[in-house]
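Data from start-v2.pdb: PDB, C-alpha atoms, pLDDT in the B column
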```pdb
ATOM      1  CA  HIS A 254      18.770  39.039 -39.527  1.00 41.00           C
ATOM      2  CA  ASN A 255      17.352  36.096 -41.500  1.00 39.00           C
ATOM      3  CA  LEU A 256      20.319  33.976 -40.449  1.00 36.00           C
ATOM      4  CA  ASP A 257      19.542  34.686 -36.782  1.00 43.00           C
ATOM      5  CA  ILE A 258      15.979  33.496 -37.298  1.00 38.00           C
ATOM      6  CA  MET A 259      17.204  30.294 -38.902  1.00 40.00           C
ATOM      7  CA  ARG A 260      19.482  29.734 -35.908  1.00 45.00           C
ATOM      8  CA  ILE A 261      16.713  30.340 -33.371  1.00 41.00           C
ATOM      9  CA  LYS A 262      14.043  28.165 -34.962  1.00 47.00           C
ATOM     10  CA  PRO A 263      15.793  24.822 -34.310  1.00 48.00           C
ATOM     11  CA  ILE A 264      16.101  25.796 -30.643  1.00 44.00           C
ATOM     12  CA  TYR A 265      12.336  26.299 -30.399  1.00 45.00           C
ATOM     13  CA  ILE A 266      11.731  23.046 -32.253  1.00 42.00           C
ATOM     14  CA  LEU A 267      14.033  21.215 -29.824  1.00 45.00           C
ATOM     15  CA  ALA A 268      12.213  22.788 -26.873  1.00 43.00           C
ATOM     16  CA  MET A 269       8.880  21.635 -28.275  1.00 45.00           C
ATOM     17  CA  ILE A 270      10.192  18.101 -28.729  1.00 43.00           C
ATOM     18  CA  LEU A 271      11.487  18.037 -25.152  1.00 45.00           C
ATOM     19  CA  CYS A 272       8.119  19.263 -23.885  1.00 44.00           C
ATOM     20  CA  LEU A 273       6.341  16.544 -25.833  1.00 44.00           C
ATOM     21  CA  LEU A 274       8.699  13.898 -24.474  1.00 46.00           C
ATOM     22  CA  SER A 275       8.183  15.221 -20.963  1.00 45.00           C
ATOM     23  CA  SER A 276       4.423  15.075 -21.469  1.00 41.00           C
ATOM     24  CA  CYS A 277       4.715  11.454 -22.564  1.00 43.00           C
ATOM     25  CA  ARG A 278       6.779  10.626 -19.518  1.00 46.00           C
ATOM     26  CA  SER A 279       4.154  12.154 -17.218  1.00 48.00           C
ATOM     27  CA  SER A 280       1.402   9.912 -18.633  1.00 64.00           C
ATOM     28  CA  ASN A 281      -0.748   7.743 -16.399  1.00 89.00           C
ATOM     29  CA  PRO A 282       0.911   4.700 -14.833  1.00 94.00           C
ATOM     30  CA  GLU A 283       0.619   1.403 -16.673  1.00 95.00           C
ATOM     31  CA  PHE A 284       0.559  -1.894 -14.787  1.00 97.00           C
ATOM     32  CA  THR A 285       1.399  -5.558 -15.234  1.00 97.00           C
ATOM     33  CA  PHE A 286       1.131  -8.488 -12.812  1.00 97.00           C
ATOM     34  CA  TYR A 287       4.157 -10.390 -11.576  1.00 98.00           C
ATOM     35  CA  ASN A 288       3.334 -13.748  -9.961  1.00 98.00           C
ATOM     36  CA  TYR A 289       5.649 -16.106  -8.102  1.00 98.00           C
ATOM     37  CA  GLU A 290       5.030 -19.271  -6.079  1.00 98.00           C
ATOM     38  CA  GLN A 291       7.641 -21.680  -4.752  1.00 97.00           C
ATOM     39  CA  GLU A 292       8.057 -24.140  -1.899  1.00 97.00           C
ATOM     40  CA  MET A 293      11.575 -24.149  -0.472  1.00 97.00           C
ATOM     41  CA  GLN A 294      12.917 -27.516   0.678  1.00 95.00           C
ATOM     42  CA  THR A 295      15.124 -26.247   3.501  1.00 96.00           C
ATOM     43  CA  LYS A 296      15.320 -27.899   6.930  1.00 96.00           C
ATOM     44  CA  GLN A 297      12.218 -25.908   7.836  1.00 96.00           C
ATOM     45  CA  PRO A 298      10.237 -25.947   4.565  1.00 97.00           C
ATOM     46  CA  TYR A 299       8.555 -22.688   3.631  1.00 97.00           C
ATOM     47  CA  ARG A 300       6.292 -21.518   0.833  1.00 98.00           C
ATOM     48  CA  ILE A 301       6.409 -18.097  -0.780  1.00 98.00           C
ATOM     49  CA  LYS A 302       3.516 -16.817  -2.903  1.00 98.00           C
ATOM     50  CA  TYR A 303       3.611 -13.339  -4.423  1.00 98.00           C
ATOM     51  CA  SER A 304       1.272 -11.374  -6.671  1.00 98.00           C
ATOM     52  CA  PHE A 305       2.899  -8.013  -7.291  1.00 98.00           C
ATOM     53  CA  ILE A 306       1.645  -5.179  -9.493  1.00 98.00           C
ATOM     54  CA  ASN A 307       4.490  -3.582 -11.397  1.00 97.00           C
ATOM     55  CA  ILE A 308       4.442  -0.058 -12.885  1.00 97.00           C
ATOM     56  CA  THR A 309       5.772  -0.862 -16.341  1.00 95.00           C
ATOM     57  CA  ASN A 310       6.370   2.746 -17.425  1.00 95.00           C
ATOM     58  CA  ALA A 311       8.041   3.784 -14.146  1.00 95.00           C
ATOM     59  CA  TYR A 312      11.643   4.320 -15.085  1.00 89.00           C
ATOM     60  CA  PRO A 313      11.356   7.083 -17.715  1.00 86.00           C
ATOM     61  CA  ASN A 314       9.389   9.091 -15.126  1.00 93.00           C
ATOM     62  CA  SER A 315      10.929  10.300 -11.846  1.00 94.00           C
ATOM     63  CA  ALA A 316       7.622  10.368  -9.933  1.00 96.00           C
ATOM     64  CA  LEU A 317       6.563   6.883 -11.032  1.00 97.00           C
ATOM     65  CA  GLU A 318      10.072   5.570 -10.380  1.00 96.00           C
ATOM     66  CA  LYS A 319       9.880   6.830  -6.775  1.00 97.00           C
ATOM     67  CA  ILE A 320       6.545   5.074  -6.349  1.00 97.00           C
ATOM     68  CA  GLU A 321       7.762   1.817  -7.898  1.00 97.00           C
ATOM     69  CA  ILE A 322      10.879   1.721  -5.698  1.00 97.00           C
ATOM     70  CA  SER A 323       8.828   2.453  -2.570  1.00 97.00           C
ATOM     71  CA  ASN A 324       6.304  -0.264  -3.489  1.00 98.00           C
ATOM     72  CA  ARG A 325       9.041  -2.829  -4.052  1.00 98.00           C
ATOM     73  CA  LYS A 326      10.683  -2.000  -0.727  1.00 98.00           C
ATOM     74  CA  ALA A 327       7.371  -2.384   1.099  1.00 98.00           C
ATOM     75  CA  PHE A 328       6.165  -5.490  -0.735  1.00 98.00           C
ATOM     76  CA  PHE A 329       9.424  -7.458  -0.795  1.00 98.00           C
ATOM     77  CA  GLU A 330      10.587  -5.965   2.541  1.00 97.00           C
ATOM     78  CA  LEU A 331      13.872  -4.722   1.146  1.00 97.00           C
ATOM     79  CA  ASP A 332      16.329  -2.143   2.445  1.00 94.00           C
ATOM     80  CA  GLY A 333      18.912  -0.161   0.539  1.00 92.00           C
ATOM     81  CA  GLU A 334      19.181  -0.255  -3.241  1.00 93.00           C
ATOM     82  CA  VAL A 335      16.297  -2.018  -4.950  1.00 96.00           C
ATOM     83  CA  PRO A 336      17.089  -4.255  -7.960  1.00 95.00           C
ATOM     84  CA  ARG A 337      15.519  -3.464 -11.334  1.00 94.00           C
ATOM     85  CA  SER A 338      14.766  -7.166 -11.805  1.00 96.00           C
ATOM     86  CA  LEU A 339      11.656  -8.457 -10.042  1.00 97.00           C
ATOM     87  CA  ASN A 340      13.200 -11.934  -9.992  1.00 97.00           C
ATOM     88  CA  GLU A 341      16.137 -10.505  -8.054  1.00 98.00           C
ATOM     89  CA  CYS A 342      13.746  -8.733  -5.643  1.00 98.00           C
ATOM     90  CA  THR A 343      12.021 -12.079  -5.051  1.00 98.00           C
ATOM     91  CA  LYS A 344      15.317 -13.882  -4.505  1.00 97.00           C
ATOM     92  CA  LEU A 345      16.431 -11.349  -1.886  1.00 97.00           C
ATOM     93  CA  SER A 346      13.036 -11.460  -0.175  1.00 98.00           C
ATOM     94  CA  CYS A 347      13.108 -15.272   0.072  1.00 97.00           C
ATOM     95  CA  GLU A 348      16.655 -15.211   1.426  1.00 97.00           C
ATOM     96  CA  ASN A 349      15.676 -12.640   4.064  1.00 97.00           C
ATOM     97  CA  PHE A 350      12.668 -14.724   5.156  1.00 97.00           C
ATOM     98  CA  CYS A 351      14.811 -17.859   5.386  1.00 97.00           C
ATOM     99  CA  LYS A 352      17.450 -16.040   7.429  1.00 96.00           C
ATOM    100  CA  GLU A 353      14.971 -14.338   9.782  1.00 96.00           C
ATOM    101  CA  TYR A 354      13.163 -17.568  10.656  1.00 95.00           C
ATOM    102  CA  LYS A 355      16.269 -19.801  10.489  1.00 95.00           C
ATOM    103  CA  CYS A 356      14.636 -22.104   7.959  1.00 96.00           C
ATOM    104  CA  ASP A 357      18.021 -23.473   6.877  1.00 95.00           C
ATOM    105  CA  LYS A 358      19.079 -24.225  10.475  1.00 94.00           C
ATOM    106  CA  GLU A 359      16.392 -26.399  12.069  1.00 91.00           C
ATOM    107  CA  ARG A 360      12.852 -27.680  11.660  1.00 93.00           C
ATOM    108  CA  ILE A 361      10.200 -26.693  14.181  1.00 87.00           C
ATOM    109  CA  GLY A 362       7.097 -28.906  14.038  1.00 82.00           C
ATOM    110  CA  ASP A 363       5.518 -30.533  11.009  1.00 87.00           C
ATOM    111  CA  SER A 364       3.918 -27.473   9.467  1.00 93.00           C
ATOM    112  CA  ILE A 365       5.272 -25.597   6.471  1.00 96.00           C
ATOM    113  CA  TYR A 366       5.973 -21.919   7.035  1.00 97.00           C
ATOM    114  CA  GLU A 367       4.199 -19.609   4.634  1.00 98.00           C
ATOM    115  CA  LEU A 368       4.384 -16.057   3.373  1.00 98.00           C
ATOM    116  CA  SER A 369       1.698 -14.966   0.924  1.00 98.00           C
ATOM    117  CA  LYS A 370       1.347 -11.426  -0.440  1.00 98.00           C
ATOM    118  CA  ARG A 371      -0.851  -9.792  -2.998  1.00 98.00           C
ATOM    119  CA  CYS A 372      -1.500  -6.172  -3.793  1.00 97.00           C
ATOM    120  CA  SER A 373      -4.102  -3.923  -5.366  1.00 97.00           C
ATOM    121  CA  ILE A 374      -3.978  -0.437  -6.844  1.00 96.00           C
ATOM    122  CA  ASP A 375      -6.456   2.446  -6.915  1.00 95.00           C
ATOM    123  CA  VAL A 376      -5.823   5.544  -9.018  1.00 96.00           C
ATOM    124  CA  TYR A 377      -7.996   8.545  -8.252  1.00 95.00           C
ATOM    125  CA  ASP A 378      -7.327  12.064  -9.478  1.00 92.00           C
ATOM    126  CA  GLN A 379      -3.582  12.621  -8.824  1.00 94.00           C
ATOM    127  CA  THR A 380      -3.296   9.942  -6.133  1.00 97.00           C
ATOM    128  CA  LEU A 381      -2.135   6.358  -6.493  1.00 97.00           C
ATOM    129  CA  SER A 382      -3.026   4.060  -3.602  1.00 98.00           C
ATOM    130  CA  TYR A 383      -1.173   0.794  -3.211  1.00 97.00           C
ATOM    131  CA  THR A 384      -2.509  -1.820  -0.790  1.00 98.00           C
ATOM    132  CA  ILE A 385      -0.554  -4.884   0.313  1.00 98.00           C
ATOM    133  CA  GLU A 386      -2.421  -7.847   1.831  1.00 98.00           C
ATOM    134  CA  THR A 387      -0.183 -10.271   3.709  1.00 98.00           C
ATOM    135  CA  TYR A 388      -0.660 -13.689   5.271  1.00 98.00           C
ATOM    136  CA  GLN A 389       2.170 -15.240   7.249  1.00 97.00           C
ATOM    137  CA  TYR A 390       2.469 -18.460   9.208  1.00 97.00           C
ATOM    138  CA  THR A 391       5.633 -19.232  11.145  1.00 96.00           C
ATOM    139  CA  GLY A 392       4.328 -21.709  13.712  1.00 92.00           C
ATOM    140  CA  GLY A 393       1.763 -21.503  16.474  1.00 88.00           C
ATOM    141  CA  ALA A 394      -1.995 -21.924  16.548  1.00 87.00           C
ATOM    142  CA  HIS A 395      -2.713 -19.749  13.520  1.00 90.00           C
ATOM    143  CA  GLY A 396      -1.161 -17.435  10.996  1.00 94.00           C
ATOM    144  CA  MET A 397      -1.470 -13.657  10.861  1.00 95.00           C
ATOM    145  CA  THR A 398      -3.049 -11.497   8.206  1.00 96.00           C
ATOM    146  CA  TRP A 399      -2.674  -7.759   7.759  1.00 96.00           C
ATOM    147  CA  HIS A 400      -3.055  -5.061   5.142  1.00 97.00           C
ATOM    148  CA  THR A 401      -0.955  -1.970   4.530  1.00 98.00           C
ATOM    149  CA  GLY A 402      -1.986   1.111   2.587  1.00 98.00           C
ATOM    150  CA  LEU A 403       0.498   3.411   0.832  1.00 98.00           C
ATOM    151  CA  ASN A 404      -0.647   6.547  -0.953  1.00 98.00           C
ATOM    152  CA  TYR A 405       1.388   8.604  -3.393  1.00 98.00           C
ATOM    153  CA  SER A 406       1.199  11.820  -5.347  1.00 97.00           C
ATOM    154  CA  LEU A 407       1.403  11.090  -9.072  1.00 96.00           C
ATOM    155  CA  GLU A 408       2.819  14.585  -9.557  1.00 95.00           C
ATOM    156  CA  ASN A 409       6.020  14.077  -7.554  1.00 96.00           C
ATOM    157  CA  GLY A 410       5.980  10.477  -6.279  1.00 96.00           C
ATOM    158  CA  GLU A 411       5.955  11.541  -2.623  1.00 97.00           C
ATOM    159  CA  LEU A 412       4.298   9.368   0.022  1.00 97.00           C
ATOM    160  CA  LEU A 413       1.142  11.047   1.320  1.00 98.00           C
ATOM    161  CA  THR A 414      -0.036  11.055   4.929  1.00 97.00           C
ATOM    162  CA  LEU A 415      -3.186  12.144   6.755  1.00 96.00           C
ATOM    163  CA  ASP A 416      -1.663  15.626   7.024  1.00 97.00           C
ATOM    164  CA  ASP A 417      -2.018  15.955   3.253  1.00 97.00           C
ATOM    165  CA  PHE A 418      -5.775  15.367   3.451  1.00 96.00           C
ATOM    166  CA  PHE A 419      -6.906  16.666   6.860  1.00 95.00           C
ATOM    167  CA  SER A 420      -5.877  19.540   9.092  1.00 94.00           C
ATOM    168  CA  ALA A 421      -4.884  18.883  12.715  1.00 93.00           C
ATOM    169  CA  GLU A 422      -8.320  20.094  13.839  1.00 93.00           C
ATOM    170  CA  GLU A 423     -10.085  17.799  11.367  1.00 95.00           C
ATOM    171  CA  GLN A 424      -7.995  14.823  12.464  1.00 93.00           C
ATOM    172  CA  GLU A 425      -9.189  15.341  16.044  1.00 91.00           C
ATOM    173  CA  LYS A 426     -12.795  15.178  14.813  1.00 94.00           C
ATOM    174  CA  LEU A 427     -12.103  12.110  12.691  1.00 96.00           C
ATOM    175  CA  GLN A 428     -12.041   9.802  15.713  1.00 94.00           C
ATOM    176  CA  LYS A 429     -15.725  10.344  16.467  1.00 96.00           C
ATOM    177  CA  ALA A 430     -16.586  10.111  12.764  1.00 97.00           C
ATOM    178  CA  LEU A 431     -14.787   6.777  12.381  1.00 97.00           C
ATOM    179  CA  LEU A 432     -16.440   5.400  15.501  1.00 97.00           C
ATOM    180  CA  LEU A 433     -19.875   6.334  14.129  1.00 97.00           C
ATOM    181  CA  LEU A 434     -19.063   4.779  10.745  1.00 98.00           C
ATOM    182  CA  LEU A 435     -17.930   1.554  12.435  1.00 98.00           C
ATOM    183  CA  CYS A 436     -21.226   1.435  14.320  1.00 98.00           C
ATOM    184  CA  TRP A 437     -23.191   1.990  11.114  1.00 97.00           C
ATOM    185  CA  GLN A 438     -21.217  -0.738   9.351  1.00 96.00           C
ATOM    186  CA  ASN A 439     -22.216  -3.117  12.157  1.00 96.00           C
ATOM    187  CA  GLY A 440     -25.924  -2.273  11.971  1.00 96.00           C
ATOM    188  CA  LEU A 441     -26.076   0.186  14.872  1.00 96.00           C
ATOM    189  CA  ASP A 442     -28.068   3.416  14.596  1.00 94.00           C
ATOM    190  CA  GLY A 443     -25.529   5.641  16.347  1.00 94.00           C
ATOM    191  CA  ILE A 444     -22.417   5.460  18.501  1.00 96.00           C
ATOM    192  CA  ASP A 445     -22.895   2.579  20.929  1.00 97.00           C
ATOM    193  CA  GLU A 446     -19.595   1.707  22.574  1.00 97.00           C
ATOM    194  CA  LEU A 447     -21.125  -1.023  24.769  1.00 97.00           C
ATOM    195  CA  GLU A 448     -22.432  -2.894  21.727  1.00 97.00           C
ATOM    196  CA  LEU A 449     -19.104  -2.540  19.979  1.00 97.00           C
ATOM    197  CA  GLU A 450     -17.373  -4.010  23.030  1.00 97.00           C
ATOM    198  CA  LYS A 451     -19.779  -6.972  22.966  1.00 97.00           C
ATOM    199  CA  MET A 452     -18.768  -7.561  19.353  1.00 96.00           C
ATOM    200  CA  GLY A 453     -15.111  -7.631  20.380  1.00 96.00           C
ATOM    201  CA  TYR A 454     -14.058  -4.085  19.459  1.00 97.00           C
ATOM    202  CA  ASP A 455     -12.138  -1.620  21.613  1.00 97.00           C
ATOM    203  CA  PRO A 456     -13.860   1.727  20.856  1.00 97.00           C
ATOM    204  CA  LYS A 457     -10.993   3.761  22.347  1.00 96.00           C
ATOM    205  CA  ALA A 458      -8.574   2.196  19.863  1.00 97.00           C
ATOM    206  CA  VAL A 459     -10.589   3.430  16.869  1.00 97.00           C
ATOM    207  CA  VAL A 460      -8.412   6.380  15.865  1.00 96.00           C
ATOM    208  CA  PRO A 461      -7.287   7.678  12.460  1.00 96.00           C
ATOM    209  CA  THR A 462      -3.883   6.406  11.340  1.00 96.00           C
ATOM    210  CA  ASN A 463      -1.700   6.648   8.245  1.00 97.00           C
ATOM    211  CA  ASN A 464      -2.755   3.137   7.270  1.00 98.00           C
ATOM    212  CA  PHE A 465      -5.421   4.106   4.737  1.00 98.00           C
ATOM    213  CA  LYS A 466      -6.110   4.104   1.021  1.00 97.00           C
ATOM    214  CA  VAL A 467      -7.708   6.633  -1.297  1.00 97.00           C
ATOM    215  CA  THR A 468     -10.406   5.355  -3.664  1.00 96.00           C
ATOM    216  CA  SER A 469     -12.793   6.948  -6.153  1.00 95.00           C
ATOM    217  CA  THR A 470     -15.612   7.029  -3.562  1.00 96.00           C
ATOM    218  CA  GLY A 471     -13.797   7.842  -0.330  1.00 97.00           C
ATOM    219  CA  ILE A 472     -10.959   7.166   2.073  1.00 97.00           C
ATOM    220  CA  GLU A 473     -10.735   3.715   3.634  1.00 98.00           C
ATOM    221  CA  PHE A 474      -8.995   3.323   6.997  1.00 98.00           C
ATOM    222  CA  LEU A 475      -7.327  -0.077   7.429  1.00 98.00           C
ATOM    223  CA  TYR A 476      -7.068  -1.840  10.796  1.00 98.00           C
ATOM    224  CA  ASN A 477      -5.308  -5.142  11.351  1.00 97.00           C
ATOM    225  CA  PRO A 478      -6.165  -7.942  13.814  1.00 95.00           C
ATOM    226  CA  TYR A 479      -5.724  -6.882  17.456  1.00 95.00           C
ATOM    227  CA  GLU A 480      -5.442  -3.167  16.559  1.00 96.00           C
ATOM    228  CA  ILE A 481      -9.056  -2.239  17.310  1.00 97.00           C
ATOM    229  CA  GLY A 482     -10.482  -5.586  18.330  1.00 94.00           C
ATOM    230  CA  ALA A 483     -10.155  -9.305  18.821  1.00 93.00           C
ATOM    231  CA  TYR A 484      -8.290 -11.533  16.367  1.00 92.00           C
ATOM    232  CA  SER A 485     -11.566 -13.228  15.404  1.00 91.00           C
ATOM    233  CA  LEU A 486     -12.793  -9.949  13.871  1.00 93.00           C
ATOM    234  CA  GLY A 487     -10.006 -10.148  11.298  1.00 91.00           C
ATOM    235  CA  LYS A 488      -9.053  -7.124   9.248  1.00 93.00           C
ATOM    236  CA  THR A 489     -11.400  -4.149   9.547  1.00 96.00           C
ATOM    237  CA  ILE A 490     -11.970  -1.420   6.959  1.00 97.00           C
ATOM    238  CA  ILE A 491     -13.813   1.761   7.929  1.00 98.00           C
ATOM    239  CA  LYS A 492     -15.023   3.580   4.824  1.00 97.00           C
ATOM    240  CA  LEU A 493     -15.275   7.367   4.906  1.00 97.00           C
ATOM    241  CA  PRO A 494     -17.260   8.526   1.818  1.00 97.00           C
ATOM    242  CA  TYR A 495     -16.253  11.874   0.292  1.00 96.00           C
ATOM    243  CA  ALA A 496     -19.920  12.872   0.183  1.00 96.00           C
ATOM    244  CA  MET A 497     -20.189  12.601   3.978  1.00 95.00           C
ATOM    245  CA  ILE A 498     -16.864  14.052   5.136  1.00 95.00           C
ATOM    246  CA  ASP A 499     -18.120  17.586   5.828  1.00 94.00           C
ATOM    247  CA  GLN A 500     -21.225  16.270   7.596  1.00 93.00           C
ATOM    248  CA  LEU A 501     -19.286  13.805   9.762  1.00 94.00           C
ATOM    249  CA  LEU A 502     -16.627  16.340  10.761  1.00 92.00           C
ATOM    250  CA  GLU A 503     -19.347  18.644  12.085  1.00 89.00           C
ATOM    251  CA  LEU A 504     -20.548  16.119  14.687  1.00 81.00           C
TER     252      LEU A 504
END
```
Take the structure from the file and write it as structure tokens.
Amino acid sequence: HNLDIMRIKPIYILAMILCLLSSCRSSNPEFTFYNYEQEMQTKQPYRIKYSFINITNAYPNSALEKIEISNRKAFFELDGEVPRSLNECTKLSCENFCKEYKCDKERIGDSIYELSKRCSIDVYDQTLSYTIETYQYTGGAHGMTWHTGLNYSLENGELLTLDDFFSAEEQEKLQKALLLLLCWQNGLDGIDELELEKMGYDPKAVVPTNNFKVTSTGIEFLYNPYEIGAYSLGKTIIKLPYAMIDQLLEL
């Protein structure tokens, strides 16, 4: 009987150790910055500038690893298997840009092509939001800027969508709420579509999308140039505070 106890105890000890290790692996994400800037002297010169936020404790944790791989694919615009090395990710990204815009084939005009990306991270409760801000110039009168929001569950690493935060009925009501918030942000007392149109907005285009980010104070919906208004308006962010969600959805 005593021998059986002695045999069982190490099993429980091992289980406790595994639980502790698992707990360590499920700790909060830790971040470091990875910066890269280089001008490529191809036939069509181009400049790449990256500021990427890397999850340094991703790979011992399946959820964080999913998030890190997804972020790298989105930021460096990669398909298929993603390299562990950030230098290799950068190399592939530069090669893809060069190939897409035929920078090694011919020169178009005197201007240097440019791709500049930087990202930011918000962690709130069990959600990690990753926002990519991009500027690109590949000829023409001006470059283009846009921002992309990706939101993940820290519990399983899955990409979250509006369906994870709002029911279908609530999403239908969100359109009016976002329109009102846009008016407020532009100094209007209530919904005034005519005034918005004068400012260069298209009120009918103001609809909820999966391009958003979750912050500690609310959900921010991200709109890029031309999506809800003229290019001159630039990027637009409509902020939906948590404290006002119930009130706004009752309109």
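Near Thr343 in chain A, within a cut-off of 8 Å and counting all atoms listed in the file, sit the residues A:Phe329, A:Leu339, A:Cys347, with same-chain residues fewer than 4 positions away left out.
Excluding range 369-375 of chain A itself and any same-chain residue fewer than 4 positions from it, the protein and nucleic acid residues within 6 Å of it, counting only C-alpha atoms, are Ile301, Lys302, Tyr303, Ser304, Phe305, Leu381, Ser382, Tyr383, Thr384, Ile385, Glu386, Thr387, Tyr388 and Thr468 of chain A.
Ranking A:Asn288, A:Thr470, A:Asn307, A:Thr295 by their shortest atom-to-atom distance to Ser323 in chain A, with all atoms listed in the file included, puts A:Asn307 first.
The coordinates place CA of Lys492 in chain A at 18.1 Å from CA of Asp416 in chain A.
Reported to one decimal place, the separation of CA of Cys342 in chain A from CA of Gly396 in chain A is 24.0 Å.
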> Which polymer residues have any atom within 8 Å of an atom of Ala430 in chain A, counting all atoms listed in the file, with same-chain residues fewer than 2 positions away left out, as a PyMOL selection string?
Replying inline: chain A and resi 426-428+432-434+501-502+504
> What is the distance between CA of Gly471 in chain A and CA of Glu446 in chain A, in Å to one decimal?
Replying inline: 24.4 Å
>> Residues within 10 Å of (15.2, -10.5, -0.5), file coordinates, counting all atoms listed in the file: what are they? Give the list as a PyMOL selection string.
In response: chain A and resi 326+329-332+335-336+340-352
> Any chance you could work out the residue set of the PyMOL selection byres ((chain A and resi 462) around 12) here, as a PyMOL selection string?
Replying inline: chain A and resi 401-403+414-416+419+424-425+427-428+431+458-461+463-466+472-477+480-481+491
> Do you know which residues the PyMOL selection byres ((chain A and resi 406) around 10) returns on this file, as number ranges by chain?
Replying inline: A: 316-317, 320, 378-382, 404-405, 407-413
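Close contacts of Asp363 in chain A, defined as residues with an atom at most 10 Å away when counting only C-alpha atoms, with chain neighbours fewer than 3 positions off set aside, comprise Gln297, Pro298, Arg360, Tyr366 and Gly392 of chain A.
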> Do you know which residues the PyMOL selection byres ((chain A and resi 488) around 7) returns on this file, as a PyMOL selection string?
Replying inline: chain A and resi 399+476-478+486-487+489-490
Determine the axis-aligned bounding box of all atoms of range 404-409 of chain A present in the file, pad each side by 5 Å, and express its centre and edge lengths in Å to one decimal place as JSON.
```
{"center_x": 2.7, "center_y": 10.6, "center_z": -5.3, "size_x": 16.7, "size_y": 18.0, "size_z": 18.6}
```
> Restricting the calculation to all atoms listed in the file, which member of A:Arg325, A:Asn281, A:Val376, A:Ile306 is positioned closest to Ser469 in chain A?
Replying inline: A:Val376
What would range 415-443 of chain A look like if you wrote it out as a PDB file, in the first residue's frame, with C-alpha atoms included, from the block I just posted?
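Output file result.pdb follows:
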```
ATOM      1  CA  LEU A 415     -17.992  42.035 -35.451  1.00  0.00           C
ATOM      2  CA  ASP A 416     -20.058  38.879 -34.912  1.00  0.00           C
ATOM      3  CA  ASP A 417     -18.038  38.227 -31.757  1.00  0.00           C
ATOM      4  CA  PHE A 418     -19.054  41.588 -30.286  1.00  0.00           C
ATOM      5  CA  PHE A 419     -22.495  42.415 -31.726  1.00  0.00           C
ATOM      6  CA  SER A 420     -25.543  40.389 -32.677  1.00  0.00           C
ATOM      7  CA  ALA A 421     -27.020  40.693 -36.180  1.00  0.00           C
ATOM      8  CA  GLU A 422     -29.760  42.951 -34.789  1.00  0.00           C
ATOM      9  CA  GLU A 423     -27.219  45.182 -33.041  1.00  0.00           C
ATOM     10  CA  GLN A 424     -25.114  45.446 -36.191  1.00  0.00           C
ATOM     11  CA  GLU A 425     -28.139  46.806 -38.064  1.00  0.00           C
ATOM     12  CA  LYS A 426     -28.501  49.521 -35.411  1.00  0.00           C
ATOM     13  CA  LEU A 427     -24.791  50.313 -35.484  1.00  0.00           C
ATOM     14  CA  GLN A 428     -25.064  52.186 -38.781  1.00  0.00           C
ATOM     15  CA  LYS A 429     -27.192  54.951 -37.278  1.00  0.00           C
ATOM     16  CA  ALA A 430     -24.999  55.037 -34.165  1.00  0.00           C
ATOM     17  CA  LEU A 431     -21.814  55.446 -36.212  1.00  0.00           C
ATOM     18  CA  LEU A 432     -23.390  58.166 -38.328  1.00  0.00           C
ATOM     19  CA  LEU A 433     -24.367  60.088 -35.181  1.00  0.00           C
ATOM     20  CA  LEU A 434     -20.875  59.667 -33.711  1.00  0.00           C
ATOM     21  CA  LEU A 435     -19.301  60.952 -36.938  1.00  0.00           C
ATOM     22  CA  CYS A 436     -21.545  64.011 -36.763  1.00  0.00           C
ATOM     23  CA  TRP A 437     -20.595  64.621 -33.134  1.00  0.00           C
ATOM     24  CA  GLN A 438     -16.905  64.270 -33.969  1.00  0.00           C
ATOM     25  CA  ASN A 439     -17.359  66.984 -36.607  1.00  0.00           C
ATOM     26  CA  GLY A 440     -19.114  69.410 -34.253  1.00  0.00           C
ATOM     27  CA  LEU A 441     -22.703  68.692 -35.298  1.00  0.00           C
ATOM     28  CA  ASP A 442     -25.467  68.366 -32.705  1.00  0.00           C
ATOM     29  CA  GLY A 443     -27.238  65.417 -34.328  1.00  0.00           C
TER      30      GLY A 443
END
```
